[in-house]
Amino acid sequence: MNLEAFQKIAASNLWGNLLPEIYLVALCLLLLVFEMVFRRQDLLLLFRVALWGQVLLLVLMGLSYFGGFPSGREELFGGLLVQTPLTETMRLFFLFGSLLVSYLGTRFLRARNLARTEFFAITLLVTAALMLLVQSNQFVLLFVALETVTVGFYVLVAYARTSGYSLEAGLKYLIMGALSSGLLLFGIVLLYGVAGSPDLAGAVGDPLHFPSLAQFIAAHPDNTLVLAGSLLVLSGIAFKVGAVPFQIWIPDVYQGAPTPVSAFLAVSSKAAGIIVLLTLVTGPFAALSGWTIPLISTVAVLTILYGNLTALPQRNVKRIMGLSGIAHAGYLLMGVVAAMTVDWAVGAIVFYLFTYLLASFGVFGVMALLSEGQDADQELDHYEDLAKRQPLLAAALTVGLASLAGIPPLGGFIGKLVLFIAAFQAGLYTLLAFSVVGVVLSIYYYFGWVREAVFRVWRSAEGAGSATPALPEPRSLTGLDRTALVGLSVLTLILGVAPFVLTWFLQL
Amino acid sequence: MDAFFLYLAIFLPFGLGILLLFLPERTGEGAVRALGVLGFAVPLAVALFLALRFGSAPVEDGYRFLTAIDTGLSSLGIELRLGLNGISLPLFLLAGIVGFAAGLHALQSNAPRLRLYIALLLVMQAGLMGTFSSVDIFFFYFFHEFALVPTFVMIGIWGGFGRRSAAIEMTIYLTLGALLSLLGLLLLYVQSGAESFSLPALRDALAAQPLGETVASNAFALLLFGFGILVSLFPFHSWAPRGYAAAPTATAMLHAGVLKKFGLYGLIQIAYPLLPEGAGNWQGLLVWLALGNVVLLGFVTMAQRDLKQMIGYSSVMHMGYAFLGLLAFSTVGVGGAVLLLFGHGLSVALLFMLSTAVYHRTQTYDMQEMGGLIGKAPILAAFFAAATFASVGLPGFANFWGEFTIFISLWETYAWALIPAALGIIISAIYGLRAFSRIFMAEPSDALKEHWEENQVQDLQVRERVPACILLAGLLVVGFFPAVVTGPLDADLPGLQPAAAEASETILPHDATESSRLAATAPAAQEGSAVR
């Protein structure tokens, strides 16, 4: 390398653009220091530091947009990272998600006697890594960020170390995660090898860099190693997304993991997977659209059908959320396919992700508040008469589930609508047909759940002792619980009746 | 200025519904009732007022009282655009009348958790007023769902026997129908290349550049079956009788009376005028399905013992006539269909209301267990007889004009279908009169006599009579002065006619002029390419 190249790289070392990630990691370290200094783990203090620290970051990021939301594309660190309006929006998305996870985590940790600092610290670290993941523009950074996320999740999933479910989930996630990392890495190596090989015409200097790789792949779209490598890379990402056939871990892991972690996996991890997939298929693998479009379409159909069909007979609510989350990944994959031909479909995906975040955290929040830590065995029967016992929880649950099912006038409906319009413009009629089948199927379990919670139950007098053991009666809701649940429901409603608050922002 | 009233009719009931939910617990019954009456009366007042102003209002893009608000999805062509034309005005009026009657009925019904019940009904009313005044097809769908969702909740909470399974069956069925029609609407929007979801814009875009035969046919099929499920077209009808039987009365009145008309309204307002090429392919099938509604479900209706189920089936059956009216898609047929929708909406709402009144006096819906009520409640009997006659289609009621004009239009297209259709009239007369004689004339069962000895049975009370009179008045006014509805219809239906005329050409591909024109254009096209 000559001096000029170094100068260029040095000039693009814009550390300032990574302040949110740096801030999060610093906050994570600060929490660890707190533990050393104060010895006793004061949950309230830790929680306040984590929560207000993140709120402060959200406010600071919001203030920084007064000069205008970032537009255009900026490469940092000699092309390691790239920042676009999409990545900026996703940063906000992840920050919002981790705020909610921290909040739910407090509730969970209060009920269980577990280490406390680490939960918040790892959540913050994973969030920073998720932010880097969607900005990465080079395979090494992508892999490192992805592994940071995954390793963080290994710990989080098995966090309730006294619970057999949680340990089982942790083990399953570890094994499947290691497998998928292996696939991803192998794919990267194949691509690196073939694109950097001087024997082939058009070999590029930096084969891990997305734009250079895109150039090479455009020149050799039929090369066997390119095909194998990209297929393996996509498989590794499909694991994160939870797409068929890499969905097998989801129900067990979601059920076993502590509820806040299930929510984290369901929302942030899945969203990151979808965005990375989007970056890959529209970036380096754009020239392979000849087979990636049919492949992802097929996977999307199978994912939608698998998620919805397997969720139908479930009684365990965490498994329902896991399996229906697979179905949502399927709809999002349809959006990814649409985005390969219709530009604005990216905005539709992000809008969908936001509605999914609000609705999922609403539902997971109710689950966490109801279960008081004993959360792996929550059955539909536990929701009987919820409307009478806890009207606020029942209302929040109904709004969340209805939004997930895509019922107007909630945000989920607008999310599905924009996704469907995008798919129409891309001409994906078969996928649309399967999506509709999926949505109709999903009504059964979402509505069945609402039915348990809201409808009157007529019990026979002697049938008072029901077969399912009762959950411990939840504590009364704090002001923060109310604020969080009402806030999520109201935001879901706002996205439904006034979508412009987000569409304007996304420039959709 | 008139446009402001449209917003008022939608957002006032909605706002009051939300307000009722958030009122403090100790709010008196009186305040709830006053707010409820206000919320149901204003849409009716607006509908009547706009109906009076209709003739003199200026026309813009085929609509009157046109108005629009940006919603932030305008880059996707979605705008809240309201207005009325001759087809939507009768249904808008119907929604106002039935909504008011159902609201009054609910307010005096002693339902537990009355506030929530009224609030949900008000939200439903807002959705109904919005559906029939939307010019933008996205909001047309959106408001429909707005009205539909409270239905499920109301069935689940205040419903009767079998409500849990009925609610979920209805939810799944209707969501399927709604999604299919949504896909059809989106397909129409995307394929037409129009800039917006507004109906006039779509019409212009399609007039400038018609869809291909296949696309039009597919889009029409999506709309036909999507809307068909929502209107309980045979064989997609099974949700309706069960759902209505399980639903609380005011919900059944609003759904069977008004909301169900959404599907046919969509076909009349959107599918047929915009996709005449597509419609041609499906008419041959539709006539059989519609006759299935009329004849097969007519027989099923005759076999019912449960009064509410019977009314539910009869409402499904009469929708068949409305579909028959669409077959010709002539001014006469569509006009008849709209008239029938109007009349049927009022009469079925009245029947559902009266069936509840019967239930309160007999404690059963099983008609075999009833009898002799005429001695106890003669006024109820008179109302019930009037509602039954209206539903059968006797002259003097709005339904008569609807069925009559539909038969005339049928003569021009599928004349053979007149025979089974007329059979349907006889069937509906049989089950209607038989129900009347069983409930009011027959010897009461022992259980019923016992019940009557123990409890004082009163005739129809004033609070029940008021909504019944409102519905009956609507039936009679249109029955004697059909011009109330046909006037605005005549003004706007011919606007849809050119498209329909083209359709009749494409329905008959062997038409001499058509094939000769094709023959004439084909060589010209070849010449053109050769020159290039």
# chains A, B, ... in the order shown; residues from 1 in each chain; ligands from 1
$ interface_residues --of "chain B" --to "chain A" --cutoff "10 Å" --atoms "only C-alpha atoms" --output "ChimeraX atom specification"
/B:70-76,138,141-149,152-159,163-165,167-169,171-180,182-183,186-187,189-191
$ select_by_dssp --residues "segment 79-154 of chain B" --states "alpha helix (DSSP H)" --output "VMD selection string"
chain B and resid 88 to 107 114 to 133 137 to 154
$ write_last_selection --atoms "C-alpha atoms" --output "tab-separated table (two decimals), in the first residue's frame"
chain	number	residue	atom	x	y	z
B	88	SER	CA	-73.25	5.77	-1.55
B	89	LEU	CA	-75.94	8.19	-0.38
B	90	PRO	CA	-78.64	5.52	0.24
B	91	LEU	CA	-76.17	3.38	2.16
B	92	PHE	CA	-74.89	6.37	4.10
B	93	LEU	CA	-78.49	7.10	5.02
B	94	LEU	CA	-79.08	3.45	5.89
B	95	ALA	CA	-76.06	3.48	8.21
B	96	GLY	CA	-77.43	6.60	9.92
B	97	ILE	CA	-80.91	5.16	10.41
B	98	VAL	CA	-79.95	1.66	11.52
B	99	GLY	CA	-77.15	3.04	13.68
B	100	PHE	CA	-79.55	5.30	15.51
B	101	ALA	CA	-82.09	2.51	16.02
B	102	ALA	CA	-79.43	0.03	17.15
B	103	GLY	CA	-77.95	2.63	19.46
B	104	LEU	CA	-81.29	3.36	21.08
B	105	HIS	CA	-81.92	-0.34	21.45
B	106	ALA	CA	-78.53	-0.89	23.07
B	107	LEU	CA	-78.97	2.05	25.44
B	114	LEU	CA	-72.98	-0.72	29.26
B	115	ARG	CA	-70.37	1.98	28.81
B	116	LEU	CA	-67.94	-0.27	26.98
B	117	TYR	CA	-70.79	-1.66	24.88
B	118	ILE	CA	-71.94	1.80	23.81
B	119	ALA	CA	-68.36	2.89	23.19
B	120	LEU	CA	-67.73	-0.05	20.85
B	121	LEU	CA	-71.00	0.55	19.04
B	122	LEU	CA	-70.06	4.19	18.57
B	123	VAL	CA	-66.70	3.20	17.10
B	124	MET	CA	-68.51	0.80	14.80
B	125	GLN	CA	-70.92	3.55	13.79
B	126	ALA	CA	-68.01	5.85	12.99
B	127	GLY	CA	-66.49	3.15	10.80
B	128	LEU	CA	-69.77	2.61	8.98
B	129	MET	CA	-70.26	6.29	8.24
B	130	GLY	CA	-66.66	6.43	7.03
B	131	THR	CA	-66.94	3.37	4.81
B	132	PHE	CA	-69.83	4.67	2.80
B	133	SER	CA	-68.48	8.19	2.44
B	137	ILE	CA	-60.50	2.96	-1.72
B	138	PHE	CA	-57.86	2.52	0.95
B	139	PHE	CA	-59.99	4.34	3.49
B	140	PHE	CA	-63.05	2.57	2.18
B	141	TYR	CA	-61.35	-0.64	3.36
B	142	PHE	CA	-59.83	0.91	6.46
B	143	PHE	CA	-63.14	2.18	7.81
B	144	HIS	CA	-64.76	-1.17	7.09
B	145	GLU	CA	-62.21	-2.88	9.32
B	146	PHE	CA	-62.75	-0.15	11.84
B	147	ALA	CA	-66.37	-1.17	12.02
B	148	LEU	CA	-65.65	-4.88	11.82
B	149	VAL	CA	-63.20	-5.26	14.68
B	150	PRO	CA	-65.58	-4.07	17.43
B	151	THR	CA	-68.05	-6.68	16.14
B	152	PHE	CA	-65.75	-9.51	17.14
B	153	VAL	CA	-65.19	-8.05	20.57
B	154	MET	CA	-68.87	-7.43	21.15
$ residues_around --residues "segment 65-82 of chain A" --least-positions-apart "3" --cutoff "9 Å" --atoms "only C-alpha atoms" --output "VMD selection string"
chain A and resid 5 to 6 8 to 15 17 60 to 62 85 87 to 88 132 134 to 141 209 to 211 505
$ residues_around --residues "Ala245 of chain B" --least-positions-apart "4" --cutoff "9 Å" --atoms "only C-alpha atoms" --output "ChimeraX atom specification"
/B:159-163,166,240-241,249,252,306-312
$ write_last_selection --atoms "N, CA and C atoms" --output "mmCIF file, in the first residue's frame"
data_model
loop_
_atom_site.group_PDB
_atom_site.id
_atom_site.type_symbol
_atom_site.label_atom_id
_atom_site.label_comp_id
_atom_site.auth_asym_id
_atom_site.auth_seq_id
_atom_site.Cartn_x
_atom_site.Cartn_y
_atom_site.Cartn_z
ATOM 1 N N GLY B 159 -72.051 -11.751 23.754
ATOM 2 C CA GLY B 159 -72.760 -12.682 22.886
ATOM 3 C C GLY B 159 -73.539 -13.730 23.661
ATOM 4 N N GLY B 160 -74.325 -14.496 22.928
ATOM 5 C CA GLY B 160 -75.141 -15.535 23.543
ATOM 6 C C GLY B 160 -74.481 -16.890 23.429
ATOM 7 N N PHE B 161 -75.293 -17.902 23.230
ATOM 8 C CA PHE B 161 -74.823 -19.275 23.207
ATOM 9 C C PHE B 161 -73.830 -19.485 22.057
ATOM 10 N N GLY B 162 -72.731 -20.163 22.353
ATOM 11 C CA GLY B 162 -71.773 -20.507 21.307
ATOM 12 C C GLY B 162 -70.964 -19.334 20.816
ATOM 13 N N ARG B 163 -70.860 -18.263 21.632
ATOM 14 C CA ARG B 163 -70.222 -17.058 21.123
ATOM 15 C C ARG B 163 -68.729 -17.227 20.910
ATOM 16 N N ALA B 166 -68.259 -19.051 17.646
ATOM 17 C CA ALA B 166 -68.814 -18.232 16.562
ATOM 18 C C ALA B 166 -67.922 -17.033 16.304
ATOM 19 N N ALA B 240 -72.264 -16.466 8.777
ATOM 20 C CA ALA B 240 -73.271 -15.434 9.040
ATOM 21 C C ALA B 240 -74.355 -15.877 10.024
ATOM 22 N N PRO B 241 -75.051 -16.987 9.765
ATOM 23 C CA PRO B 241 -76.134 -17.322 10.702
ATOM 24 C C PRO B 241 -75.624 -17.596 12.108
ATOM 25 N N THR B 249 -77.839 -8.114 20.235
ATOM 26 C CA THR B 249 -78.808 -7.632 19.246
ATOM 27 C C THR B 249 -78.329 -6.415 18.461
ATOM 28 N N ALA B 252 -75.792 -7.364 15.919
ATOM 29 C CA ALA B 252 -76.378 -8.072 14.784
ATOM 30 C C ALA B 252 -77.119 -7.098 13.884
ATOM 31 N N ASP B 306 -84.564 -22.292 15.303
ATOM 32 C CA ASP B 306 -84.107 -21.185 16.139
ATOM 33 C C ASP B 306 -84.447 -19.869 15.419
ATOM 34 N N LEU B 307 -85.141 -18.984 16.096
ATOM 35 C CA LEU B 307 -85.606 -17.757 15.447
ATOM 36 C C LEU B 307 -84.454 -16.910 14.921
ATOM 37 N N LYS B 308 -83.419 -16.739 15.747
ATOM 38 C CA LYS B 308 -82.306 -15.883 15.322
ATOM 39 C C LYS B 308 -81.548 -16.500 14.160
ATOM 40 N N GLN B 309 -81.349 -17.833 14.228
ATOM 41 C CA GLN B 309 -80.686 -18.511 13.112
ATOM 42 C C GLN B 309 -81.498 -18.324 11.843
ATOM 43 N N MET B 310 -82.810 -18.411 11.972
ATOM 44 C CA MET B 310 -83.660 -18.279 10.792
ATOM 45 C C MET B 310 -83.503 -16.894 10.177
ATOM 46 N N ILE B 311 -83.500 -15.881 11.026
ATOM 47 C CA ILE B 311 -83.342 -14.525 10.491
ATOM 48 C C ILE B 311 -81.971 -14.371 9.852
ATOM 49 N N GLY B 312 -80.963 -14.968 10.506
ATOM 50 C CA GLY B 312 -79.621 -14.918 9.942
ATOM 51 C C GLY B 312 -79.580 -15.553 8.561
#
$ decode --residues "segment 23-35 of chain B" --atoms "all heavy atoms" --output "compact mmCIF listing (two decimals), in the first residue's frame"
# COMPACT_ATOMS: atom_id res chain seq x y z
N LEU B 23 -63.98 7.98 30.58
CA LEU B 23 -64.70 8.69 31.63
C LEU B 23 -64.41 8.02 32.97
O LEU B 23 -64.24 6.81 33.04
CB LEU B 23 -66.20 8.65 31.35
CG LEU B 23 -66.74 9.70 30.39
CD1 LEU B 23 -68.24 9.56 30.30
CD2 LEU B 23 -66.37 11.08 30.85
N PRO B 24 -64.38 8.80 34.03
CA PRO B 24 -64.16 8.17 35.34
C PRO B 24 -65.29 7.20 35.71
O PRO B 24 -66.41 7.35 35.22
CB PRO B 24 -64.13 9.37 36.31
CG PRO B 24 -64.67 10.51 35.55
CD PRO B 24 -64.43 10.26 34.11
N GLU B 25 -64.97 6.23 36.54
CA GLU B 25 -65.89 5.16 36.87
C GLU B 25 -67.23 5.68 37.40
O GLU B 25 -68.28 5.09 37.17
CB GLU B 25 -65.27 4.24 37.93
CG GLU B 25 -64.21 3.28 37.39
CD GLU B 25 -64.79 2.30 36.39
OE1 GLU B 25 -65.98 1.94 36.55
OE2 GLU B 25 -64.06 1.90 35.47
N ARG B 26 -67.18 6.76 38.16
CA ARG B 26 -68.39 7.15 38.87
C ARG B 26 -69.36 7.95 38.00
O ARG B 26 -70.39 8.41 38.49
CB ARG B 26 -68.02 7.96 40.12
CG ARG B 26 -67.19 9.20 39.81
CD ARG B 26 -66.88 9.97 41.07
NE ARG B 26 -66.32 11.26 40.74
CZ ARG B 26 -65.05 11.45 40.37
NH1 ARG B 26 -64.25 10.43 40.26
NH2 ARG B 26 -64.60 12.66 40.08
N THR B 27 -69.03 8.12 36.70
CA THR B 27 -69.94 8.86 35.83
C THR B 27 -71.32 8.22 35.86
O THR B 27 -71.45 7.00 35.79
CB THR B 27 -69.42 8.83 34.39
OG1 THR B 27 -68.04 9.07 34.42
CG2 THR B 27 -70.12 9.88 33.56
N GLY B 28 -72.35 9.05 35.94
CA GLY B 28 -73.71 8.53 36.06
C GLY B 28 -74.18 7.88 34.76
O GLY B 28 -73.69 8.18 33.67
N GLU B 29 -75.16 6.99 34.91
CA GLU B 29 -75.79 6.35 33.76
C GLU B 29 -76.34 7.39 32.79
O GLU B 29 -76.26 7.26 31.59
CB GLU B 29 -76.95 5.48 34.25
CG GLU B 29 -76.54 4.21 34.92
CD GLU B 29 -76.52 3.07 33.94
OE1 GLU B 29 -77.59 2.74 33.41
OE2 GLU B 29 -75.44 2.53 33.70
N GLY B 30 -76.91 8.44 33.39
CA GLY B 30 -77.57 9.46 32.57
C GLY B 30 -76.60 10.11 31.60
O GLY B 30 -76.92 10.29 30.41
N ALA B 31 -75.41 10.41 32.08
CA ALA B 31 -74.42 11.06 31.22
C ALA B 31 -74.03 10.12 30.09
O ALA B 31 -73.91 10.53 28.92
CB ALA B 31 -73.19 11.45 32.04
N VAL B 32 -73.84 8.82 30.43
CA VAL B 32 -73.47 7.85 29.39
C VAL B 32 -74.56 7.79 28.33
O VAL B 32 -74.29 7.81 27.13
CB VAL B 32 -73.26 6.46 30.04
CG1 VAL B 32 -73.05 5.41 28.97
CG2 VAL B 32 -72.09 6.50 31.00
N ARG B 33 -75.81 7.72 28.80
CA ARG B 33 -76.92 7.64 27.84
C ARG B 33 -76.99 8.88 26.97
O ARG B 33 -77.19 8.79 25.75
CB ARG B 33 -78.23 7.45 28.59
CG ARG B 33 -78.43 6.03 29.03
CD ARG B 33 -79.69 5.86 29.84
NE ARG B 33 -79.54 4.78 30.78
CZ ARG B 33 -79.78 3.50 30.49
NH1 ARG B 33 -80.19 3.18 29.28
NH2 ARG B 33 -79.59 2.55 31.37
N ALA B 34 -76.80 10.05 27.60
CA ALA B 34 -76.89 11.30 26.82
C ALA B 34 -75.81 11.33 25.75
O ALA B 34 -76.09 11.64 24.58
CB ALA B 34 -76.76 12.49 27.76
N LEU B 35 -74.59 10.96 26.13
CA LEU B 35 -73.49 10.96 25.16
C LEU B 35 -73.77 9.96 24.05
O LEU B 35 -73.51 10.20 22.88
CB LEU B 35 -72.17 10.63 25.85
CG LEU B 35 -71.59 11.72 26.73
CD1 LEU B 35 -70.32 11.23 27.40
CD2 LEU B 35 -71.27 12.95 25.89
